[in-house]
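Asks: Input: one structure, supplied below.
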Amino acid sequence: DAGITQSPRHKVTETGTPVTLRCHQTENHRYMYWYRQDPGHGLRLIHYSYGVKDTDKGEVSDGYSVSRSKTEDFLLTLESATSSQTSVYFCAISESQDRGHEQFFGPGTRLTVL
Amino acid sequence: DQQVKQNSPSLSVQEGRISILNCDYTNSMFDYFLWYKKYPAEGPTFLISISSIKDKNEDGRFTVFLNKSAKHLSLHIVPSQPGDSAVYFCAASEGGATNKLIFGTGTLLAVQP
């Protein structure tokens, strides 16, 4: 198994509070991704990183920001959580953009915003 | 606008029989396709992939078929086992520097003993 951990694994918070989710990898992979999984939508890309301090938006980036200050850590921040951000969040890593390099996923964080 | 579609939310098959999961896509720029399996409370795990230059890829009990003209791919599992019961996601990539994946909505496969 790829060395990917996510913390926390579960979190309940209130509307309007800031929340930060952490993804940590031990594989030294260049690419990291944040997805959310919701019923009827599958997995949707929020933000991704193609190197330290290099990040870009995915298809559902509104309300989220990310930071990557070192190779192994990719943080996802909800500046002011809303109930629509209740979801399961997955981090993924990828070695390169070449064909055949699949993404490996972490165990997920279940976030509930009340 | 869903670029990758899995129109069957669920599928039930008997143990030992064939499971066929389907996926359709709309973006002709997709050049690489993957299938992921997901158990409850776990992250998705990579299962099998296929490049657009091929029409079939096989790995043990799992075979993926790609029909580019129809923009359709399918995953065949033969023989199906109870441990195959999971949600299966189809994903597609159009290449580029970031290898972003577009996922379908998933199909829940239940293999009955």
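Chain labels run A, B, ... following the order of the structure tokens; each chain numbers its residues from 1, and ligands are numbered from 1 in the order shown.
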Pull out every residue of chain A sitting within 7 Å of chain B, counting only C-alpha atoms, and send them as a ChimeraX atom specification.
Replies: /A:40-44,50,90,97,104-108
Asks: Name the residues in contact with Pro8 in chain A at a cut-off of 12 Å, using only C-alpha atoms, excluding same-chain residues fewer than 4 positions from it; report them as a list in words.
Replies: Val12, Val19, Thr20, Leu21, Arg22, Cys23, His24, Leu75, Leu76, Val88, Tyr89, Phe90, Gly106, Pro107, Gly108, Thr109, Arg110 and Leu111 of chain A
Asks: Restricting the calculation to only C-alpha atoms, which member of A:Ser49, A:Thr82, A:Thr71, A:Gln6 is positioned closest to Pro18 in chain A?
Replies: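 For Pro18 in chain A, the nearest of the candidates is A:Thr82.
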Asks: For the atom pair CA of Lys37 in chain B and CA of Val87 in chain B, what is the interatomic distance in Å to one decimal place?
Replies: 5.8 Å
Asks: Can you tell me how far CA of His72 in chain B sits from CA of Phe30 in chain B, in Å to one decimal?
Replies: 11.5 Å
Asks: Mind the document's chain letters and residue numbers, and return as a PyMOL selection string the residues of chain A that DSSP labels strand (DSSP E or B).
Replies: chain A and resi 4-7+10-13+19-25+31-38+42-51+54-57+64-70+73-78+87-94+104-105+109-113
Asks: In Å to one decimal, how far is CA of Asp73 in chain A from CA of Gln25 in chain A?
Replies: 6.6 Å
Asks: Just checking: using only C-alpha atoms, which residue out of B:Pro113, B:Asp84, B:Ala70, B:Leu11 ends up closest to Ser28 in chain B?
Replies: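 Of all the options, B:Ala70 lies closest to Ser28 in chain B.
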Asks: Hey, what's within 7 Å of Thr13 in chain A if we count only C-alpha atoms and toss same-chain stuff fewer than 2 positions away? As a list in words, please?
Replies: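 In the requested form, the answer reads Lys11, Thr15, Thr112, Val113 and Leu114 of chain A.
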Asks: Using only C-alpha atoms for the distances, tell me which of B:Leu75, B:Asn27, B:Ser19, B:Gly83 is nearest to Asp1 in chain B.
Replies: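 Closest candidate: B:Asn27.
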Asks: Could you pull the residues within 7 Å of Ala86 in chain B, counting only C-alpha atoms, minus those fewer than 3 positions along the same chain, as a list in words?
Replies: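 In the requested form, the answer reads Lys37, Lys38, Tyr39, Leu108, Leu109 and Ala110 of chain B.
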Asks: Just the selected residues (C-alpha atoms), exported as an mmCIF file, in the first residue's frame, please.
Replies:
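Produced file part-v7.cif, reproduced below:
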data_model
loop_
_atom_site.group_PDB
_atom_site.id
_atom_site.type_symbol
_atom_site.label_atom_id
_atom_site.label_comp_id
_atom_site.auth_asym_id
_atom_site.auth_seq_id
_atom_site.Cartn_x
_atom_site.Cartn_y
_atom_site.Cartn_z
ATOM 1 C CA LYS B 37 -12.666 -0.350 -6.640
ATOM 2 C CA LYS B 38 -13.870 1.074 -3.351
ATOM 3 C CA TYR B 39 -14.898 -0.710 -0.178
ATOM 4 C CA LEU B 108 -22.309 -0.757 -6.611
ATOM 5 C CA LEU B 109 -21.633 -4.403 -7.399
ATOM 6 C CA ALA B 110 -23.133 -7.072 -5.153
#
Asks: With only C-alpha atoms counted and 9 Å as the cut-off, give the residues of range 5-48 of chain A in contact with range 57-61 of chain A, each with its shortest interatomic distance in Å and the pair that gives it, as a Markdown table.
Replies:
| residue | atom | partner | partner_atom | distance |
| --- | --- | --- | --- | --- |
| A:Trp34 | CA | A:Gly58 | CA | 8.7 |
| A:Tyr35 | CA | A:Gly58 | CA | 8.8 |
| A:Arg36 | CA | A:Val60 | CA | 8.8 |
| A:Arg44 | CA | A:Glu59 | CA | 6.8 |
| A:Leu45 | CA | A:Gly58 | CA | 5.0 |
| A:Ile46 | CA | A:Gly58 | CA | 4.6 |
| A:His47 | CA | A:Lys57 | CA | 4.5 |
| A:Tyr48 | CA | A:Lys57 | CA | 6.5 |
